[in-house]
Amino acid sequence: MSEAAPSPFANDRALKRLRRRRAADRRFRWYGRAAIGFALAALAVLMASIFAQALSAATYHVVRFRIDPAGIDSAAGTPQILQDVHEQIRASLDREFPEAADDPVLHRQLSGLVTRLAALSAAERIGQGGPGTTAPFDVQLPLSDDVDLYLKGVAARQVTVSLPAMQASANTETGQVTLAGPAALARIRAAAAPTNLHVGEASFLATAGRTTIRLETLSELSATGIVLSGAVGDFNGKPVRMRIVSLPEADRSVSDRQIAWALALQAEGRLRRVPHWALLARTDSTQPELAGTLAAIVGSLLTLLVTAALAIPVGILASIYLEEFAPKNRLTSLIEVNINNLAAVPSIVFGLLGAAVFLGVFGLPRSAPIVGGLVLALLILPVVIIAARAAMKAVPDSIRAGALAIGASRMQTVFHHVLPLAAPGMITGAILGMARALGETAPLLLIGMVAFVADVPRGPEDEASVLPVLIYSWATQAERAWEPMTGAAILILLVFLIAMNSVVVYLRARMDRKS
Amino acid sequence: MLSQLGHLPMDFLLVSAMIVLASAGFIAGRLKAESFAFSPDVRVHSRPNSHGFFVLMWALGPALLVALGYAILSGPLSRAWLQGELPSGFSSLRPGEMSNYLDAVARAGRLEGFASGERVFDTVTARYVQIRGEMNLAALALAVLLPAACLAWAHRRIGPDFRARVHVESGIEWFLFLCAAVAIATTVGIVASLVFESLRFFAAVPVQEFLLGREWNAQTSAEFGALPLFFGTFMIAFFAMLVAAPVGLYAAIYLSEYAGRQVRAVVKPVMEVLAGIPTVVYGFFALLVVAPLIRAAAVQVNGTLIQLGWASEPVFAAQPTSALAAGVVMGIMVIPFVSSLSDDVIRAVPQALRDGAYAVGATKSEAVRQVVLPAALPGIIAALLLAVSRAIGETMIVVMAAGHRAQISLDPTQDLTTITVQIVALLTGESGFDSPKTLSAFALGLALFAFTLVFNLVALGVVQRFRQKYE
């Protein structure tokens, strides 16, 4: 048998063809890998970009102020108290930086470091007149978002160099300062050269101690500049930090002066970078540095509560009927087609239903969790039903037969024997439905949940917003500082979703072990 | 007196009435059943608990009905009543203004001791609270008396021969059926509200103008030609499928035919994560990352083309938000819809078909392409159709990243608007449904519902056929 018949592959053309076919096979496999790679990479880029945004909102800068309630009438009502507290804050800044006193533009920039509303919590504290509000007390107020973003290095690109000490001398007539120190000047030019930055376009800010000088000319032997804040004396014998902000001052929302003031406050230890817990403790605001997600989180919980109370029982009971009791007739097959179709109806159509029926016909309040919960309940009902039916289908028929054989009624069979076995699967479906409801935005926009809500809702009939809608309204704001805030709010939403899905994974793992 | 009744905590009272009546019914039924159940010479059909539940059912059912009726009807009824009593001076108000006014009255009426200082408004509010008081009184009386009567009647029917369990079980079955019917009611509600409001819209704007008109200026209530919206919707869905179809399909093929168990166990759930991310997050991603990227690329291409002398002016519009950006991100979102359904149908193709292909010498890819895929084709088509339906109905991504300009343009970097974007733009912050502007949102909704319904029904039908073939 050693003499086999000549194989049809044993000629060159056939071998070539075979090679080609095998190469096609390998290529096909790589297409598949590439497709999966694309999907996973898209997920990774999505997550990474949101994390990157959220990271800079994880901390923020606060400034310490001393408030003296002695001169404030604590019975005057919050607006007046806020006014008085704000006056004290402005006065404190004026004392700190007298250079802004005579110039209205500079003065506006200076008081722009801390927004008026930032002092609201301090004002309310005085108004309530609790303990510790009669003696002077310290408050930490958030820094204005633009300056905050600059200090985090997000708002404007800059090069930072550490320089050895330089000799600074002020010309009393022109107010100009001359800086000398060949080694330091060479370093500045070396740092500016690669990016081709020039004095006059980019801002060259030299800081020592609490003093900042902006350079006006830069040559090999000396540099001249003006003092933005502080006193020239600070420069003598101290190391200097040079910041070269590449974006011209006119093109950014934070001025050189504001940078100088913030650096001075930082040098004194009055300005610190702290964890941004306020993001979880505050409600929505028109100022990014004052905004938080608390009201939206509570709104989401209230809405989900209504959704769960309706969708889960109705969905599970409906699935019991369809799976165990429904006669096979036209009505029940219509219900089935209908449920499958309802699962694929765009969510915004449910919003239209809510707007026309719940708001229009029943006259329920706009922007209320009760309406949002109702709409979302109808939206996830098919999801809950389909999952619950799958769970009941998975219960072996021998269980039903056994129960019926010893004389249980059909109702007893279902409620005493089938339901306990199907429960984990049903709960899984219910949680998945709730997760979908938690992330849903579009239908809620149509029932008015996009309205600006500054108070934490106390019941399902109060005005409220929900997390995804808050994300939407933050994401569409123009100011740059909302981007990291949006990223952070998304992370909070994702944490809730991950928690819900972990429960599902755990339940599924338990079910798999049993079967 | 009546105005105090207007502020009754009705939710609490109705629920407590239900709880009290239900427990009373159960205890009464069970006590009566116990009185005859344990005597040795009587054969009893049902256990005492069943009798208890029978009476409970007859007490709770009517109470629930009354509570539901109150929740649904009390608001509209008291408003209608109040409106009927308003002096003739109010009839000059337009319907929208009237409903806003009544809204304000109802909101004020909910607060105890409310006074705006305006005499007419406060008088109307006080009258409204009185009407609510009468309603509340009537509802409470009904919620106690009707269930109590039913309870007494049910209690009388109990006896040793009474088949309480059968009655209870058929009652429960009816309740289960009602729950299943909620799904039908939802569809009916959707269709009815869309059709009703659309009819009001089409009374003002002719149907053909809506379907075929090419100018859309709904914000000014001027022009309602929805053709550019339909175009934008399908254009963006097309871009989405350009991404999702190949990626989803190849991923499904690889996962079902090539990947080992461990790879599959990791990759599949990770890909499903894409389906679990809220769409508003995709919208943010599109707005923040993808749209600027596409814009920069388009500007680059424009520059290169002009430099090469192939074009004298910019070819691409390079808008800050673009159809392509929304489409690509939407495509990423629907990948798992394509891949997981296709994966299911490919795995459902019998192994015998593959074995047959290998037996005649096919390589793996030939077996997949020429045998498995044709066999799975109906299911794959269904998966693609469902993905298209998902893409047309998707809202947040396009609201955030597609734009608001209604135009027909084949340039992918142009900003297009879609049906869903316009619905959101028209109904956000609006309260009355009276102007053609807000009503047009419902006509758009009807069109959207119709489009997706066709895709869904075809897809579901194909899947059903496919299942019958192999299972």
# chains A, B, ... in the order shown; residues from 1 in each chain; ligands from 1
call {"tool": "closest_atom_pairs", "arguments": {"of": "chain A", "to": "chain B", "cutoff": "7 Å", "atoms": "only C-alpha atoms", "output": "Markdown table"}}
result
| residue | atom | partner | partner_atom | distance |
| --- | --- | --- | --- | --- |
| A:Asp25 | CA | B:Ser365 | CA | 5.1 |
| A:Phe28 | CA | B:Ser365 | CA | 6.4 |
| A:Arg29 | CA | B:Tyr254 | CA | 6.8 |
| A:Tyr31 | CA | B:Tyr250 | CA | 6.5 |
| A:Gly32 | CA | B:Tyr250 | CA | 4.6 |
| A:Arg33 | CA | B:Tyr254 | CA | 6.9 |
| A:Ala35 | CA | B:Val247 | CA | 4.6 |
| A:Ile36 | CA | B:Ala251 | CA | 5.2 |
| A:Ala39 | CA | B:Met271 | CA | 7.0 |
| A:Leu40 | CA | B:Met271 | CA | 6.8 |
| A:Leu43 | CA | B:Leu274 | CA | 6.7 |
| A:Leu46 | CA | B:Phe285 | CA | 6.5 |
| A:Val314 | CA | B:Cys179 | CA | 5.3 |
| A:Leu317 | CA | B:Leu176 | CA | 5.4 |
| A:Ala318 | CA | B:Ala180 | CA | 4.1 |
| A:Tyr321 | CA | B:Leu176 | CA | 5.4 |
| A:Ile335 | CA | B:Ile184 | CA | 6.3 |
| A:Asn338 | CA | B:Ile184 | CA | 6.7 |
| A:Ile339 | CA | B:Ala183 | CA | 6.3 |
| A:Asn341 | CA | B:Asn456 | CA | 6.4 |
| A:Ala344 | CA | B:Asn456 | CA | 6.8 |
| A:Val345 | CA | B:Thr452 | CA | 6.8 |
| A:Pro346 | CA | B:Gly393 | CA | 4.7 |
| A:Val349 | CA | B:Gly445 | CA | 6.2 |
| A:Leu353 | CA | B:Ile190 | CA | 5.4 |
| A:Ala356 | CA | B:Ser193 | CA | 6.2 |
| A:Phe362 | CA | B:Ile72 | CA | 6.0 |
| A:Gly363 | CA | B:Gly75 | CA | 6.4 |
| A:Leu378 | CA | B:Thr186 | CA | 7.0 |
| A:Met411 | CA | B:Glu169 | CA | 6.4 |
| A:Gly439 | CA | B:Pro278 | CA | 4.7 |
| A:Glu440 | CA | B:Pro278 | CA | 6.6 |
| A:Thr441 | CA | B:Val280 | CA | 6.8 |
| A:Ala442 | CA | B:Thr395 | CA | 6.2 |
| A:Leu445 | CA | B:Thr428 | CA | 6.1 |
| A:Leu446 | CA | B:Thr428 | CA | 5.6 |
| A:Gly448 | CA | B:Gly429 | CA | 6.1 |
| A:Pro468 | CA | B:Val280 | CA | 6.5 |
| A:Tyr472 | CA | B:Val280 | CA | 6.4 |
| A:Ala475 | CA | B:Phe284 | CA | 6.3 |
| A:Ile490 | CA | B:Val281 | CA | 6.8 |
call {"tool": "select_by_dssp", "arguments": {"residues": "region 345-467 of chain A", "states": "alpha helix (DSSP H)", "output": "number ranges by chain"}}
result
A: 347-353, 369-393, 397-405, 410-413, 419-439, 442-446, 467
call {"tool": "residues_around", "arguments": {"residues": "Ala375 (chain B)", "least_positions_apart": "6", "cutoff": "9 Å", "atoms": "only C-alpha atoms", "output": "list in words"}}
result
Ile346, Val349 and Leu353 of chain B
call {"tool": "closest_residue", "arguments": {"among": "A:Leu359, A:Ala405, A:Gln167, A:Thr428", "to": "Val384 (chain A)", "atoms": "only C-alpha atoms"}}
result
A:Thr428
call {"tool": "atom_distance", "arguments": {"atom1": "CA of Leu384 (chain B)", "atom2": "CA of Pro228 (chain B)"}}
result
24.0 Å
call {"tool": "closest_residue", "arguments": {"among": "A:Pro248, A:Pro424, A:Pro327, A:Gly129", "to": "Phe204 (chain A)", "atoms": "only C-alpha atoms"}}
result
A:Pro248
call {"tool": "atom_distance", "arguments": {"atom1": "CA of His167 (chain B)", "atom2": "CA of Phe26 (chain B)"}}
result
14.6 Å
call {"tool": "residues_around", "arguments": {"residues": "Val306 (chain A)", "least_positions_apart": "3", "cutoff": "9 Å", "atoms": "only C-alpha atoms", "output": "ChimeraX atom specification"}}
result
/A:301-303,309-311,369-374,376-377,460
call {"tool": "select_by_dssp", "arguments": {"residues": "region 238-435 of chain A", "states": "strand (DSSP E)", "output": "number ranges by chain"}}
result
A: 240-245, 271-275
call {"tool": "residues_around", "arguments": {"residues": "Gly69 (chain B)", "least_positions_apart": "6", "cutoff": "12 Å", "atoms": "only C-alpha atoms", "output": "VMD selection string"}}
result
(chain A and resid 362) or (chain B and resid 14 62 to 63 75 to 77 135 to 136 138 to 140 142 to 143)
call {"tool": "residues_around", "arguments": {"residues": "region 112-114 of chain A", "least_positions_apart": "5", "cutoff": "9 Å", "atoms": "only C-alpha atoms", "output": "mmCIF file with C-alpha atoms, in the first residue's frame"}}
result
data_model
loop_
_atom_site.group_PDB
_atom_site.id
_atom_site.type_symbol
_atom_site.label_atom_id
_atom_site.label_comp_id
_atom_site.auth_asym_id
_atom_site.auth_seq_id
_atom_site.Cartn_x
_atom_site.Cartn_y
_atom_site.Cartn_z
ATOM 1 C CA VAL A 63 -9.687 79.658 49.654
ATOM 2 C CA ILE A 89 -14.869 88.526 51.461
ATOM 3 C CA ARG A 90 -14.261 91.318 48.977
ATOM 4 C CA HIS A 107 -11.142 95.038 41.013
ATOM 5 C CA ALA A 119 -20.655 82.255 50.455
ATOM 6 C CA LEU A 141 -14.882 78.799 49.683
ATOM 7 C CA PRO A 142 -14.422 77.255 46.238
ATOM 8 C CA LEU A 143 -12.226 79.201 43.848
ATOM 9 C CA SER A 144 -13.798 80.445 40.610
ATOM 10 C CA ASP A 145 -13.853 77.671 37.990
ATOM 11 C CA ASP A 146 -11.561 79.424 35.489
ATOM 12 C CA VAL A 147 -8.759 79.980 37.984
ATOM 13 C CA GLN A 258 -5.691 86.410 38.666
ATOM 14 C CA TRP A 261 -3.199 86.437 43.071
ATOM 15 C CA ALA A 262 -3.977 82.747 43.172
#
call {"tool": "atom_distance", "arguments": {"atom1": "CA of Leu342 (chain A)", "atom2": "CA of Leu419 (chain A)"}}
result
24.8 Å
